[in-house]
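*Asks:* My questions all concern the structure below.
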Amino acid sequence: MHEYLRAVGFSEAHTRKQLKELVEWVLDKPERVSITSKSGGSNVAEASREVGGRAGVTVIGEVDEYGNIIPEYYFPYISSTRISSESVTSCTHESAREGYIGMCEDYRVGLALIFHVTNVVDVVRGMEDLDLKFTRVCFSALAKDATVILPLDQPERVPDRARNREEDAQLLEDAAKGDIGAIAHVADEEIRRYKYIMEHLRDTDVFTMVESFFMPHGLESDQYYLMGTIQSANLVSNKMTGERFWRMLVESNGIPVTVAVNEKDIQGVPQAHCRLKCHVWLTGALKR
């Protein structure tokens with residue numbers, strides 16, 4: 001995951017020595033440390049240090065008998081408190097390390113979104129407490145390339161578009177539960193959309209017909225090709241390296257995602273109501 005370090009301003013961290021120095025920098029003066037015990041006598045520690053814009057690097061490891069954190073792995077992050085979905089269905093422990101993968105089946109997207117869980121210690125505590133369930137997620141994403149695209153509609157039409165998305169999501173949910181009327185309506189709508197696309201695809205650019213999407217990208221299950229409408233954009237400077245990166249709130253298929261991308265890796269200047277097209281590593285913080 002070191003290739004996504006550049007998204008938060010660490011584009012020059014390539015060698016093992018540089019990555020080791022970065023981990024040591026985090027552990028030297030972490031701004032947030034969380035520790036929890038596991039059954040069997042082991043423990044899990046999570047140490048994070050911010051570089052600006054509520055983004056930074058987190059180190060996961062174990063605390064030894066002297067109180068020092070022995071690092072196991074690290075990951076870059078950009079945090080968000082905006083609830084993206086309330087459709088979390090499962091959370092699975094990674095086999096090779098003390099990490100977790102979440103899955104969210106949101107009807108607004110039409111596929112199961114698989115993401116890297118960033119609040120590891122909270123999830124470990126939840127796994128130990130069988131009565132603690134996570135039902136919500138705050139999505140964030142790190143992009144290694146991005147392009148700004150002009151908007152399709154005028155800003156004043158956004159509320160109507162959002163309302164239509166909610167209606168579509170409700171129909172899909174009803175259809176999944178076996179509602180015959182909803183199934184028929186969804187089928188008719190899909191046929192109508194297919195006919196429209198086939199009629200216009202020959203002489204119309206696809207990005208004038210498609211406003212937003214979430215598509216799996218590559219072989220990694222938590223990497224996606226994403227396009228959505230920019231709600232806000234702020235340029236942030238990494239206080240350690242001086243590199244600048246964009247922190248953006250992007251809405252794709254009605255789902256808000258906080259996105260970080262290096263200033264050097266984006267084409268165009270992000271502005272509200274424009275669209276963003278990018279390849280991302282999807283992460284999320286699970287909430288109760």
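Labels used: A, B, ... for chains in the order of the structure tokens, numbers from 1 for residues in each chain, and numbers from 1 for ligands as shown.
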Please provide as a PyMOL selection string all residues within 12 Å of A:Ile35, with the sequence filter that same-chain residues fewer than 2 positions apart are discarded (counting only C-alpha atoms).

*Replies:* chain A and resi 32-33+37-38+42-48+59-64+67-69+119-125

*Asks:* Figure out the distance between atom CA of A:Val257 and atom CA of A:Phe139, please, to one decimal in Å.

*Replies:*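 Value for the atom CA of A:Phe139-atom CA of A:Val257 distance: 5.1 Å.
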
*Asks:* Which residues, written as a list in words, have at least one atom at most 9 Å from A:Ile183, with only C-alpha atoms counted and residues fewer than 5 positions away on the same chain left out?

*Replies:* Leu171, Leu172, Asp174, Ala175, Ala176, Gly178 and Asp188 of chain A

*Asks:* Using only C-alpha atoms, which of A:Tyr74, A:Trp246, A:Phe115, A:Tyr66 sits nearest A:Gly9?

*Replies:* A:Trp246

*Asks:* Nearest to A:Thr208 among A:Pro151, A:Gly99, A:Gly254, A:Gly181, with distances taken over only C-alpha atoms: which residue is it?

*Replies:*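 For A:Thr208, the nearest of the candidates is A:Pro151.
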
*Asks:* Kindly give the distance, in Å, that separates atom CA of A:Asn262 and atom CA of A:Ala7, rounded to a single decimal.

*Replies:* 4.6 Å

*Asks:* Just the strand (DSSP E or B) stuff from stretch 84-259 of chain A, please, per backbone DSSP, written as a ChimeraX atom specification.

*Replies:* /A:85,88-93,100-105,112-117,136-149,213-216,223-237,244-252,255-259

*Asks:* Write out as a PDB file with C-alpha atoms, in the first residue's frame the residues lying within 8 Å of stretch 218-222 of chain A, counting only C-alpha atoms and excluding same-chain residues fewer than 6 positions away.

*Replies:*
ATOM      1  CA  LEU A 113     -18.176  -2.441  -1.628  1.00  0.00           C
ATOM      2  CA  ILE A 114     -15.104  -4.048  -0.055  1.00  0.00           C
ATOM      3  CA  PHE A 115     -12.849  -1.715   1.923  1.00  0.00           C
ATOM      4  CA  HIS A 116      -9.855  -1.624   4.244  1.00  0.00           C
ATOM      5  CA  TRP A 281      -7.935   2.533  -2.609  1.00  0.00           C
ATOM      6  CA  LEU A 282     -11.169   2.437  -0.593  1.00  0.00           C
ATOM      7  CA  THR A 283     -10.941   2.620   3.193  1.00  0.00           C
TER       8      THR A 283
END

*Asks:* Between atom CA of A:Arg275 and atom CA of A:Met227, what is the distance, to one decimal in Å?

*Replies:* 6.8 Å

*Asks:* Which residue is closest to A:Tyr4? Choose from A:Glu190, A:Glu199, A:Glu251, A:Asp145 and count only C-alpha atoms.

*Replies:*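 That would be A:Asp145, the residue with the smallest distance to A:Tyr4.
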
*Asks:* Counting only C-alpha atoms, which of A:Glu65, A:Glu12, A:Glu173, A:Asp179 gets nearest to A:Val109?

*Replies:*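 The answer is A:Glu173, which sits nearest to A:Val109.
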
*Asks:* Can you tell me which residues surround stretch 81-87 of chain A at a distance of at most 10 Å, considering only C-alpha atoms, apart from same-chain residues fewer than 6 positions away, and format the answer as a list of chain:residue names?

*Replies:*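 Non-adjacent residues within range: A:Met103, A:Cys104, A:Glu105, A:Asp106, A:Tyr107, A:Arg108, A:Ala112, A:Phe134, A:Thr135, A:Arg136, A:Val137, A:Cys138, A:Phe139, A:Ser140, A:Leu249, A:Glu251, A:Gly254, A:Ile255, A:Pro256, A:Val257, A:Thr258, A:Gly284, A:Ala285, A:Leu286, A:Lys287, A:Arg288.
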
*Asks:* Could you take the residues named above and write them with C-alpha atoms, as a PDB file, in the first residue's frame?

*Replies:*
ATOM      1  CA  MET A 103     -18.073  -5.241   3.162  1.00  0.00           C
ATOM      2  CA  CYS A 104     -20.962  -2.866   2.540  1.00  0.00           C
ATOM      3  CA  GLU A 105     -23.937  -3.861   0.385  1.00  0.00           C
ATOM      4  CA  ASP A 106     -25.534  -0.511  -0.408  1.00  0.00           C
ATOM      5  CA  TYR A 107     -28.353  -0.612  -2.960  1.00  0.00           C
ATOM      6  CA  ARG A 108     -27.338   2.802  -4.316  1.00  0.00           C
ATOM      7  CA  ALA A 112     -20.766  -5.073  -2.531  1.00  0.00           C
ATOM      8  CA  PHE A 134     -21.074  -2.075  13.520  1.00  0.00           C
ATOM      9  CA  THR A 135     -23.811  -0.893  11.175  1.00  0.00           C
ATOM     10  CA  ARG A 136     -22.411   2.335   9.700  1.00  0.00           C
ATOM     11  CA  VAL A 137     -19.265   3.310   7.820  1.00  0.00           C
ATOM     12  CA  CYS A 138     -17.447   6.561   6.975  1.00  0.00           C
ATOM     13  CA  PHE A 139     -15.804   6.022   3.591  1.00  0.00           C
ATOM     14  CA  SER A 140     -12.505   7.635   2.606  1.00  0.00           C
ATOM     15  CA  LEU A 249     -15.651  15.381  -0.447  1.00  0.00           C
ATOM     16  CA  GLU A 251     -20.519  12.099  -3.856  1.00  0.00           C
ATOM     17  CA  GLY A 254     -25.372   9.196  -3.583  1.00  0.00           C
ATOM     18  CA  ILE A 255     -22.581   7.954  -1.300  1.00  0.00           C
ATOM     19  CA  PRO A 256     -20.212  10.606   0.182  1.00  0.00           C
ATOM     20  CA  VAL A 257     -16.522   9.669   0.084  1.00  0.00           C
ATOM     21  CA  THR A 258     -13.617  11.763   1.379  1.00  0.00           C
ATOM     22  CA  GLY A 284     -13.527   3.087   5.896  1.00  0.00           C
ATOM     23  CA  ALA A 285     -14.013   3.626   9.615  1.00  0.00           C
ATOM     24  CA  LEU A 286     -16.730   1.417  11.107  1.00  0.00           C
ATOM     25  CA  LYS A 287     -19.244   3.006  13.493  1.00  0.00           C
ATOM     26  CA  ARG A 288     -21.953   1.624  15.766  1.00  0.00           C
TER      27      ARG A 288
END

*Asks:* Would you please extract all alpha helix (DSSP H) residues from stretch 77-206 of chain A, as assigned by DSSP on the backbone, and give them as an MDAnalysis selection string?

*Replies:* chainID A and resid 120:128 158:176 180:200

*Asks:* Env of A:Glu263: 6 Å cut, atoms = only C-alpha atoms, seq-sep filter 3 positions within chain, self excluded. Answer as a VMD selection string.

*Replies:* chain A and resid 244 to 245 266
